[in-house]
Amino acid sequence: MKRLMKMRDIREALRSLFSTPVTTDFPKTRRPPEAGFRGKPLFDEAGCVACGSCGRVCPSGAIRVHDPKPGASGRKARAGRRMEVRYDACHFCGLCEENCITGRGIRMTDGFDLALIDRTLASELIEKEMVFCEGCGRGVTTAAHLRWIRGRLGEMASANPSLTRIQQEPRLTFPASPAAKPPDRGDDVKILCPDCRRKVRSAGG
Amino acid sequence: MTEPAALEITHPEFWAGDLFRIHAAEGRVVRLDVVTGVRHRGIEKLAETKSWSRLIPLLERICGICSASHPAALVRAVEELAEVRPPERAQYIRTLSCELERLQSHLLWFATLGHLAGFETLWMWTWRYREELLVLNERISGNRLIPSLIVPGGVRRDLDGDMKAHARRALEKFRPALDLLDSQLSTDPVLRSRMRGIGVLDEETARKNGAVGPMARASGVALDVRKDDPYFAYPWVDWNLSLRADGDVQSRAEVRLEEMRESLDICVQCLERMRPGPVLAELPRVPAGMAVSRVEAPRGELFNCVVSDGSAAPVRLQIRPPSAPNLKAIEAVCPGTDLEDIAIVLASADPCTGCAERVTVIDASGAAGPDPVRLSRVKTARSRTA
């Protein structure tokens with residue numbers, strides 16, 4: 001039995017002498033991950049409409065949606081919606097990619113070497129132009145999101161003046177403060193949030 | 001007679017931080033206390049705040065090794081509540097994922113055994129072959145360890161294109177690993193002497209302590225959820241239950257090795273038998289009600305109880321993992337064992353803290369006490385009526 005074991009050891013030693021080592025290359029070379037690997041999630045500037053659905057499904061809260069605060073004035077009020085993904089909190093489940101409404105807004109890339117010394121750097125941001133309600137001044141959603149909805153609805157989008165105007169006016173400007181007067185039927189042509197739209201349409205006339 | 005010396009083994013790297021309190025005298029173990037609660041993470045409570053789809057990534061993290069079994073147990077319960085029948089192809093892919101998990105988990109067990117018994121080469125060998133399994137897992141699911149594949153209604157990814165052929169090749173390449181382990185177990189006299197007749201758990205003690213999984217099967221208790229309560233594609237594939245009667249560490253190793261051969265066959269059968277088709281059925285709103293489910297995790301029976309009130313998240317999710325009863329069984333085995341063997345005996349139960357961290361009350365007589373959660377609820381109800 002002992003001789004048998006010796007033979008086996010010698011065979012193993014000889015094989016190791018003439019074969020490539022099991023250990024990986026030094027200095028380090030990056031092993032490309034397999035196709036379909038769920039790595040570092042990245043927003044796609046062209047595909048993302050900043051609707052915020054990825055932030056809603058994210059189980060670990062790694063994707064955050066920062067909206068400008070209602071009532072903020074000046075430069076802040078005109079700031080867009082910022083979508084942030086934090087790699088230090090992400091656990092790479094891929095639910096964001098799966099639930100993306102456009103299907104190409106956020107992608108799981110093949111990045112896996114994400115170690116950092118400074119934790120605050122572990123984030124990616126994109127910003128999208130925000131649309132505000134001309135009635136109450138509250139943020140409605142992003143212009144890209146409204147345009148995407150318009151594209152999906154086709155001619156049915158004409159029923160909603162917000163969607164029509166977003167198509168007609170490439171660059172939107174909003175009043176610095178919300179309208180002082182109560183809404184009436186004439187306001188229906190404005191860009192409104194769902195609450196204000198309801199008020200306008202039930203104002204009678 | 002000398003007072004038994006207390007030997008506490010606590011280190012964060014020691015099996016993910018189980019606390020074994022070993023009372024020893026003259027080199028022999030007098031008593032072993034398993035202390036749980038050291039790494040309590042409150043996952044059951046956290047689960048009540050997560051919607052059904054966001055629950056899966058949480059449950060996968062109870063234990064990185066059983067990351068397919070925990071979601072599997074949940075989806076069985078959820079599908080029973082919602083009365084969803086997942087597509088046939090999804091059932092095969094689920095089975096494949098669960099068996100790949102069993103293969104790599106048992107390999108990890110052999111690696112631990114090699115490491116603790118001083119057979120570092122055995123450890124390195126198993127690690128090398130396990131790597132191939134993890135790469136296959138990455139190819140199939142997108143992640144090496146946490147597949148995130150099994151969801152209520154089916155699986156998230158299909159095996160596309162040449163994946164089937166690739167998986168077949170990878171599994172065949174893995175077969176020599178099993179022969180290597182087999183030759184080690186059967187020919188190496190040193191390894192055998194470290195395992196034969198050590199940590200014997202007889203059938204009666206195994207039954208009394210509720211041992212599950214390979215631990216019970218090595219003691220002659222024919223217990224396997226895949227046979228007793230078939231789920232996924234297990235009733236459609238041919239496989240045998242591995243059983244040993246001796247109940248020592250050697251038997252546990254043999255049972256695991258045999259199971260790995262069966263797992264490999266199950267994987268190959270799944271790949272052969274799956275037909276093209278959908279992999280995900282629509283999950284309707286989960287109605288109010290309660291469902292229990294169990295699956296065979298690599299360490300044994302994993303039990304889930306899900307209570308839903310019809311909302312987007314469960315009201316209560318109770319998990320009974322396999323490590324908890326196995327640790328109770330190992331407590332019964334240890335008295336009389338040499339201190340030199342205790343590491344192997346403890347490891348042979350494949351204890352997993354992430355798995356076992358649930359609260360149990362033991363009263364002075366040694367019997368299991370009432371559930372503390374229930375006691376607290378009764379007290380609240382009583383305070384309300386008072």
# chains A, B, ... in the order shown; residues from 1 in each chain; ligands from 1

$ select_by_dssp --residues "segment 60-191 of chain A" --states "alpha helix (DSSP H)" --output "ChimeraX atom specification"
/A:74-77,95-98,143-153,161-168

$ residues_around --residues "Ser123 of chain A" --least-positions-apart "3" --cutoff "8 Å" --atoms "only C-alpha atoms" --output "compact mmCIF listing (two decimals) with N, CA and C atoms, in the first residue's frame"
# COMPACT_ATOMS: atom_id res chain seq x y z
N GLU A 84 -28.23 57.99 -8.82
CA GLU A 84 -26.93 57.61 -8.29
C GLU A 84 -26.91 56.11 -8.01
N VAL A 85 -25.85 55.44 -8.43
CA VAL A 85 -25.69 54.03 -8.06
C VAL A 85 -24.41 53.90 -7.25
N ARG A 86 -24.54 53.28 -6.12
CA ARG A 86 -23.38 53.14 -5.21
C ARG A 86 -22.89 51.68 -5.25
N TYR A 87 -21.65 51.50 -5.68
CA TYR A 87 -21.12 50.14 -5.81
C TYR A 87 -20.84 49.49 -4.46
N ASP A 88 -20.60 50.34 -3.46
CA ASP A 88 -20.28 49.73 -2.15
C ASP A 88 -21.52 49.11 -1.52
N THR A 120 -16.28 57.14 -0.64
CA THR A 120 -17.18 58.13 -1.27
C THR A 120 -17.07 58.11 -2.79

$ interface_residues --of "chain B" --to "chain A" --cutoff "9 Å" --atoms "only C-alpha atoms" --output "PyMOL selection string"
chain B and resi 50-51+53-55+57-58+128+135-136+138-144+146-148+187-189

$ residues_around --residues "Arg217 of chain B" --least-positions-apart "2" --cutoff "9 Å" --atoms "only C-alpha atoms" --output "list in words"
Ala211, Val212, Gly213, Pro214, Met215, Ser219, Gly220, Val221, Ala222, Leu223, Asp224, Leu241, Ser242, Leu243, Arg244, Ala245, Gly247, Ser251, Arg252 and Val255 of chain B

$ select_by_dssp --residues "segment 194-356 of chain B" --states "strand (DSSP E or B)" --output "compact mmCIF listing (two decimals) with all heavy atoms, in the first residue's frame"
# COMPACT_ATOMS: atom_id res chain seq x y z
N LEU B 280 -40.41 31.27 -17.24
CA LEU B 280 -40.97 32.10 -16.17
C LEU B 280 -42.47 32.27 -16.36
O LEU B 280 -42.92 32.69 -17.42
CB LEU B 280 -40.27 33.48 -16.17
CG LEU B 280 -40.50 34.37 -14.96
CD1 LEU B 280 -40.00 33.72 -13.69
CD2 LEU B 280 -39.85 35.72 -15.15
N ALA B 288 -53.72 36.17 0.81
CA ALA B 288 -53.50 35.96 2.24
C ALA B 288 -53.51 34.48 2.55
O ALA B 288 -54.25 33.71 1.93
CB ALA B 288 -54.59 36.67 3.03
N GLY B 289 -52.72 34.07 3.50
CA GLY B 289 -52.68 32.66 3.87
C GLY B 289 -51.33 32.27 4.41
O GLY B 289 -50.45 33.11 4.58
N MET B 290 -51.20 30.97 4.70
CA MET B 290 -49.94 30.48 5.24
C MET B 290 -49.53 29.24 4.46
O MET B 290 -50.36 28.44 4.09
CB MET B 290 -50.11 30.12 6.71
CG MET B 290 -48.82 29.75 7.39
SD MET B 290 -49.04 29.45 9.14
CE MET B 290 -49.31 27.70 9.15
N ALA B 291 -48.26 29.13 4.19
CA ALA B 291 -47.76 27.94 3.48
C ALA B 291 -46.45 27.50 4.10
O ALA B 291 -45.66 28.33 4.53
CB ALA B 291 -47.58 28.24 2.00
N VAL B 292 -46.26 26.19 4.16
CA VAL B 292 -44.98 25.67 4.62
C VAL B 292 -44.34 24.91 3.46
O VAL B 292 -45.02 24.38 2.60
CB VAL B 292 -45.12 24.74 5.85
CG1 VAL B 292 -45.58 25.50 7.06
CG2 VAL B 292 -46.01 23.57 5.55
N SER B 293 -43.03 24.90 3.46
CA SER B 293 -42.33 24.18 2.40
C SER B 293 -41.01 23.69 2.93
O SER B 293 -40.51 24.19 3.92
CB SER B 293 -42.07 25.10 1.21
OG SER B 293 -41.09 26.05 1.56
N ARG B 294 -40.46 22.68 2.27
CA ARG B 294 -39.13 22.23 2.65
C ARG B 294 -38.37 21.77 1.41
O ARG B 294 -38.98 21.31 0.44
CB ARG B 294 -39.20 21.11 3.69
CG ARG B 294 -40.19 20.03 3.37
CD ARG B 294 -40.34 19.08 4.51
NE ARG B 294 -41.04 17.89 4.07
CZ ARG B 294 -40.86 16.68 4.58
NH1 ARG B 294 -40.00 16.49 5.55
NH2 ARG B 294 -41.53 15.66 4.14
N VAL B 295 -37.09 21.98 1.46
CA VAL B 295 -36.23 21.50 0.38
C VAL B 295 -35.02 20.84 1.02
O VAL B 295 -34.76 21.02 2.22
CB VAL B 295 -35.75 22.65 -0.55
CG1 VAL B 295 -36.88 23.30 -1.27
CG2 VAL B 295 -34.93 23.66 0.22
N GLU B 296 -34.29 20.07 0.23
CA GLU B 296 -33.09 19.42 0.73
C GLU B 296 -31.89 20.30 0.37
O GLU B 296 -31.42 20.30 -0.77
CB GLU B 296 -32.95 18.01 0.14
CG GLU B 296 -31.80 17.20 0.69
CD GLU B 296 -32.02 16.68 2.11
OE1 GLU B 296 -33.17 16.66 2.58
OE2 GLU B 296 -31.03 16.28 2.75
N ALA B 297 -31.43 21.06 1.33
CA ALA B 297 -30.22 21.86 1.14
C ALA B 297 -29.02 20.92 1.26
O ALA B 297 -29.18 19.79 1.73
CB ALA B 297 -30.17 22.95 2.19
N GLY B 300 -28.94 19.48 4.64
CA GLY B 300 -30.11 18.74 5.11
C GLY B 300 -31.40 19.51 4.87
O GLY B 300 -31.43 20.45 4.09
N GLU B 301 -32.43 19.09 5.58
CA GLU B 301 -33.76 19.65 5.34
C GLU B 301 -33.84 21.11 5.75
O GLU B 301 -33.52 21.48 6.87
CB GLU B 301 -34.81 18.84 6.11
CG GLU B 301 -36.21 19.33 5.88
CD GLU B 301 -37.20 18.74 6.89
OE1 GLU B 301 -37.41 17.53 6.83
OE2 GLU B 301 -37.71 19.50 7.71
N LEU B 302 -34.28 21.93 4.81
CA LEU B 302 -34.48 23.36 5.08
C LEU B 302 -35.97 23.63 5.02
O LEU B 302 -36.62 23.32 4.04
CB LEU B 302 -33.74 24.17 4.02
CG LEU B 302 -34.00 25.67 3.97
CD1 LEU B 302 -33.49 26.33 5.23
CD2 LEU B 302 -33.32 26.26 2.76
N PHE B 303 -36.49 24.20 6.09
CA PHE B 303 -37.94 24.35 6.24
C PHE B 303 -38.29 25.83 6.25
O PHE B 303 -37.62 26.63 6.91
CB PHE B 303 -38.35 23.68 7.55
CG PHE B 303 -39.77 23.89 7.96
CD1 PHE B 303 -40.76 23.00 7.58
CD2 PHE B 303 -40.13 24.97 8.74
CE1 PHE B 303 -42.07 23.20 7.96
CE2 PHE B 303 -41.44 25.17 9.13
CZ PHE B 303 -42.42 24.27 8.74
N ASN B 304 -39.31 26.21 5.51
CA ASN B 304 -39.78 27.59 5.51
C ASN B 304 -41.26 27.65 5.82
O ASN B 304 -42.02 26.81 5.36
CB ASN B 304 -39.57 28.21 4.13
CG ASN B 304 -38.28 28.97 4.02
OD1 ASN B 304 -37.36 28.70 4.77
ND2 ASN B 304 -38.20 29.89 3.11
N CYS B 305 -41.66 28.65 6.59
CA CYS B 305 -43.09 28.90 6.81
C CYS B 305 -43.34 30.35 6.45
O CYS B 305 -42.71 31.26 6.99
CB CYS B 305 -43.45 28.63 8.27
SG CYS B 305 -45.15 29.08 8.62
N VAL B 306 -44.23 30.56 5.49
CA VAL B 306 -44.51 31.90 4.99
C VAL B 306 -45.94 32.27 5.34
O VAL B 306 -46.86 31.51 5.07
CB VAL B 306 -44.32 31.97 3.46
CG1 VAL B 306 -44.61 33.36 2.94
CG2 VAL B 306 -42.92 31.54 3.08
N VAL B 307 -46.12 33.43 5.97
CA VAL B 307 -47.46 33.94 6.25
C VAL B 307 -47.64 35.23 5.46
O VAL B 307 -46.80 36.12 5.52
CB VAL B 307 -47.68 34.21 7.75
CG1 VAL B 307 -49.11 34.63 8.01
CG2 VAL B 307 -47.33 32.99 8.57
N SER B 308 -48.72 35.28 4.67
CA SER B 308 -48.98 36.47 3.86
C SER B 308 -50.35 37.03 4.22
O SER B 308 -51.27 36.28 4.55
CB SER B 308 -48.95 36.08 2.38
OG SER B 308 -49.60 37.05 1.60
N ASP B 309 -50.48 38.37 4.19
CA ASP B 309 -51.80 38.96 4.41
C ASP B 309 -52.33 39.54 3.10
O ASP B 309 -53.24 40.36 3.10
CB ASP B 309 -51.74 40.03 5.51
CG ASP B 309 -50.84 41.20 5.14
OD1 ASP B 309 -50.14 41.08 4.12
OD2 ASP B 309 -50.84 42.21 5.85
N PRO B 314 -44.23 39.55 2.89
CA PRO B 314 -44.75 38.58 3.88
C PRO B 314 -44.94 39.22 5.25
O PRO B 314 -44.24 40.18 5.59
CB PRO B 314 -43.65 37.52 3.92
CG PRO B 314 -42.42 38.20 3.47
CD PRO B 314 -42.85 39.25 2.50
N VAL B 315 -45.90 38.71 6.01
CA VAL B 315 -46.10 39.20 7.37
C VAL B 315 -45.10 38.51 8.29
O VAL B 315 -44.62 39.08 9.26
CB VAL B 315 -47.53 38.88 7.87
CG1 VAL B 315 -47.80 39.56 9.19
CG2 VAL B 315 -48.54 39.30 6.85
N ARG B 316 -44.82 37.24 7.97
CA ARG B 316 -43.88 36.49 8.79
C ARG B 316 -43.21 35.45 7.91
O ARG B 316 -43.87 34.81 7.08
CB ARG B 316 -44.64 35.80 9.93
CG ARG B 316 -43.80 34.89 10.80
CD ARG B 316 -43.12 35.67 11.92
NE ARG B 316 -42.41 34.76 12.82
CZ ARG B 316 -41.11 34.47 12.71
NH1 ARG B 316 -40.39 34.97 11.75
NH2 ARG B 316 -40.54 33.65 13.58
N LEU B 317 -41.93 35.31 8.09
CA LEU B 317 -41.21 34.26 7.39
C LEU B 317 -40.37 33.55 8.42
O LEU B 317 -39.53 34.17 9.07
CB LEU B 317 -40.32 34.86 6.30
CG LEU B 317 -39.32 33.91 5.64
CD1 LEU B 317 -40.04 32.85 4.83
CD2 LEU B 317 -38.36 34.65 4.74
N GLN B 318 -40.65 32.28 8.62
CA GLN B 318 -39.83 31.53 9.57
C GLN B 318 -38.98 30.53 8.81
O GLN B 318 -39.45 29.85 7.90
CB GLN B 318 -40.70 30.80 10.60
CG GLN B 318 -39.81 30.25 11.71
CD GLN B 318 -40.55 29.51 12.77
OE1 GLN B 318 -41.73 29.25 12.64
NE2 GLN B 318 -39.86 29.18 13.83
N ILE B 319 -37.72 30.46 9.20
CA ILE B 319 -36.79 29.58 8.51
C ILE B 319 -36.22 28.61 9.53
O ILE B 319 -35.71 29.03 10.56
CB ILE B 319 -35.64 30.39 7.88
CG1 ILE B 319 -36.19 31.46 6.94
CG2 ILE B 319 -34.67 29.48 7.16
CD1 ILE B 319 -35.26 32.62 6.75
N ARG B 320 -36.35 27.30 9.25
CA ARG B 320 -35.63 26.34 10.11
C ARG B 320 -34.55 25.69 9.26
O ARG B 320 -34.81 24.86 8.42
CB ARG B 320 -36.57 25.28 10.67
CG ARG B 320 -35.92 24.60 11.88
CD ARG B 320 -36.63 23.34 12.27
NE ARG B 320 -36.55 22.36 11.21
CZ ARG B 320 -37.28 21.25 11.19
NH1 ARG B 320 -38.14 21.01 12.13
NH2 ARG B 320 -37.16 20.39 10.20
N ASP B 338 -11.87 12.26 21.92
CA ASP B 338 -10.57 12.86 22.19
C ASP B 338 -10.56 14.32 21.74
O ASP B 338 -11.16 14.64 20.72
CB ASP B 338 -9.48 12.11 21.41
CG ASP B 338 -9.02 10.88 22.16
OD1 ASP B 338 -9.34 10.79 23.36
OD2 ASP B 338 -8.38 10.01 21.54

$ residues_around --residues "segment 147-154 of chain A" --least-positions-apart "6" --cutoff "9 Å" --atoms "only C-alpha atoms" --output "ChimeraX atom specification"
/A:49,102,163-164,166-167

$ atom_distance --atom1 "atom CA of Met274 of chain B" --atom2 "atom CA of Arg85 of chain B"
16.4 Å

$ atom_distance --atom1 "atom CA of Cys98 of chain B" --atom2 "atom CA of Ala68 of chain B"
5.7 Å

$ atom_distance --atom1 "atom CA of Asn99 of chain A" --atom2 "atom CA of Arg61 of chain B"
21.4 Å

$ residues_around --residues "Ala143 of chain A" --least-positions-apart "5" --cutoff "6 Å" --atoms "only C-alpha atoms" --output "short mmCIF file (atom, residue, chain, number, x, y, z; two decimals) with C-alpha atoms, in the first residue's frame"
data_model
loop_
_atom_site.label_atom_id
_atom_site.label_comp_id
_atom_site.auth_asym_id
_atom_site.auth_seq_id
_atom_site.Cartn_x
_atom_site.Cartn_y
_atom_site.Cartn_z
CA GLU A 129 -33.56 67.49 -17.09
CA MET A 130 -36.53 67.77 -14.74
CA VAL A 131 -40.04 68.94 -15.60
#

$ closest_residue --among "A:Arg15, A:Lys40, A:His66, A:Lys128" --to "Asp113 of chain A" --atoms "only C-alpha atoms"
A:Lys40

$ decode --residues "segment 17-99 of chain A" --atoms "C-alpha atoms" --output "mmCIF file, in the first residue's frame"
data_model
loop_
_atom_site.group_PDB
_atom_site.id
_atom_site.type_symbol
_atom_site.label_atom_id
_atom_site.label_comp_id
_atom_site.auth_asym_id
_atom_site.auth_seq_id
_atom_site.Cartn_x
_atom_site.Cartn_y
_atom_site.Cartn_z
ATOM 1 C CA LEU A 17 7.207 19.361 -13.567
ATOM 2 C CA PHE A 18 6.115 19.289 -17.187
ATOM 3 C CA SER A 19 2.685 20.940 -17.051
ATOM 4 C CA THR A 20 1.600 24.540 -16.588
ATOM 5 C CA PRO A 21 1.019 25.524 -12.976
ATOM 6 C CA VAL A 22 -2.462 25.643 -11.480
ATOM 7 C CA THR A 23 -1.886 29.076 -10.022
ATOM 8 C CA THR A 24 -2.878 32.058 -12.128
ATOM 9 C CA ASP A 25 -0.506 34.473 -13.774
ATOM 10 C CA PHE A 26 1.825 36.773 -11.952
ATOM 11 C CA PRO A 27 1.923 39.737 -12.269
ATOM 12 C CA LYS A 28 -1.839 39.788 -12.120
ATOM 13 C CA THR A 29 -3.782 39.529 -15.331
ATOM 14 C CA ARG A 30 -7.476 40.179 -15.355
ATOM 15 C CA ARG A 31 -9.570 37.067 -15.898
ATOM 16 C CA PRO A 32 -12.409 38.054 -18.206
ATOM 17 C CA PRO A 33 -15.710 37.068 -16.625
ATOM 18 C CA GLU A 34 -18.106 34.721 -18.375
ATOM 19 C CA ALA A 35 -20.736 36.127 -20.722
ATOM 20 C CA GLY A 36 -23.768 37.349 -18.812
ATOM 21 C CA PHE A 37 -21.766 38.105 -15.670
ATOM 22 C CA ARG A 38 -23.547 40.420 -13.269
ATOM 23 C CA GLY A 39 -20.923 43.006 -12.388
ATOM 24 C CA LYS A 40 -20.769 46.724 -11.682
ATOM 25 C CA PRO A 41 -24.057 48.338 -12.789
ATOM 26 C CA LEU A 42 -23.697 51.352 -15.053
ATOM 27 C CA PHE A 43 -26.273 53.880 -16.243
ATOM 28 C CA ASP A 44 -26.448 54.429 -19.962
ATOM 29 C CA GLU A 45 -26.718 58.146 -20.660
ATOM 30 C CA ALA A 46 -28.664 57.613 -23.884
ATOM 31 C CA GLY A 47 -30.931 54.789 -22.726
ATOM 32 C CA CYS A 48 -31.868 56.016 -19.252
ATOM 33 C CA VAL A 49 -34.895 58.284 -18.901
ATOM 34 C CA ALA A 50 -34.465 58.603 -15.105
ATOM 35 C CA CYS A 51 -37.915 57.257 -14.267
ATOM 36 C CA GLY A 52 -36.615 55.877 -10.943
ATOM 37 C CA SER A 53 -37.954 52.320 -11.236
ATOM 38 C CA CYS A 54 -34.495 50.810 -10.652
ATOM 39 C CA GLY A 55 -34.296 52.705 -7.376
ATOM 40 C CA ARG A 56 -37.650 51.317 -6.352
ATOM 41 C CA VAL A 57 -36.741 47.655 -6.917
ATOM 42 C CA CYS A 58 -33.185 47.813 -5.570
ATOM 43 C CA PRO A 59 -33.168 45.487 -2.515
ATOM 44 C CA SER A 60 -30.132 47.058 -0.872
ATOM 45 C CA GLY A 61 -30.912 50.713 -1.576
ATOM 46 C CA ALA A 62 -27.801 51.071 -3.722
ATOM 47 C CA ILE A 63 -29.626 53.113 -6.351
ATOM 48 C CA ARG A 64 -30.859 56.459 -5.111
ATOM 49 C CA VAL A 65 -32.986 59.003 -6.888
ATOM 50 C CA HIS A 66 -32.261 62.614 -5.872
ATOM 51 C CA ASP A 67 -34.990 65.046 -6.871
ATOM 52 C CA PRO A 68 -34.630 68.805 -6.436
ATOM 53 C CA LYS A 69 -36.493 69.818 -3.303
ATOM 54 C CA PRO A 70 -39.894 71.480 -3.910
ATOM 55 C CA GLY A 71 -39.769 75.180 -3.177
ATOM 56 C CA ALA A 72 -36.011 75.408 -3.725
ATOM 57 C CA SER A 73 -35.099 78.610 -5.512
ATOM 58 C CA GLY A 74 -32.512 79.751 -8.030
ATOM 59 C CA ARG A 75 -30.004 77.312 -9.505
ATOM 60 C CA LYS A 76 -31.068 74.485 -7.203
ATOM 61 C CA ALA A 77 -34.666 74.660 -8.345
ATOM 62 C CA ARG A 78 -33.574 74.191 -11.942
ATOM 63 C CA ALA A 79 -31.399 71.213 -11.107
ATOM 64 C CA GLY A 80 -32.307 67.949 -12.734
ATOM 65 C CA ARG A 81 -33.064 64.544 -11.289
ATOM 66 C CA ARG A 82 -29.862 62.819 -10.332
ATOM 67 C CA MET A 83 -29.670 59.031 -10.442
ATOM 68 C CA GLU A 84 -26.933 57.608 -8.286
ATOM 69 C CA VAL A 85 -25.691 54.031 -8.061
ATOM 70 C CA ARG A 86 -23.380 53.136 -5.210
ATOM 71 C CA TYR A 87 -21.116 50.135 -5.808
ATOM 72 C CA ASP A 88 -20.281 49.733 -2.151
ATOM 73 C CA ALA A 89 -23.930 49.018 -1.337
ATOM 74 C CA CYS A 90 -24.781 47.110 -4.544
ATOM 75 C CA HIS A 91 -24.910 43.335 -4.295
ATOM 76 C CA PHE A 92 -25.220 42.711 -8.007
ATOM 77 C CA CYS A 93 -28.595 40.952 -8.114
ATOM 78 C CA GLY A 94 -29.467 42.554 -11.461
ATOM 79 C CA LEU A 95 -33.059 43.476 -10.547
ATOM 80 C CA CYS A 96 -32.434 47.059 -11.769
ATOM 81 C CA GLU A 97 -31.482 45.866 -15.244
ATOM 82 C CA GLU A 98 -34.451 43.491 -15.304
ATOM 83 C CA ASN A 99 -36.969 46.157 -14.277
#
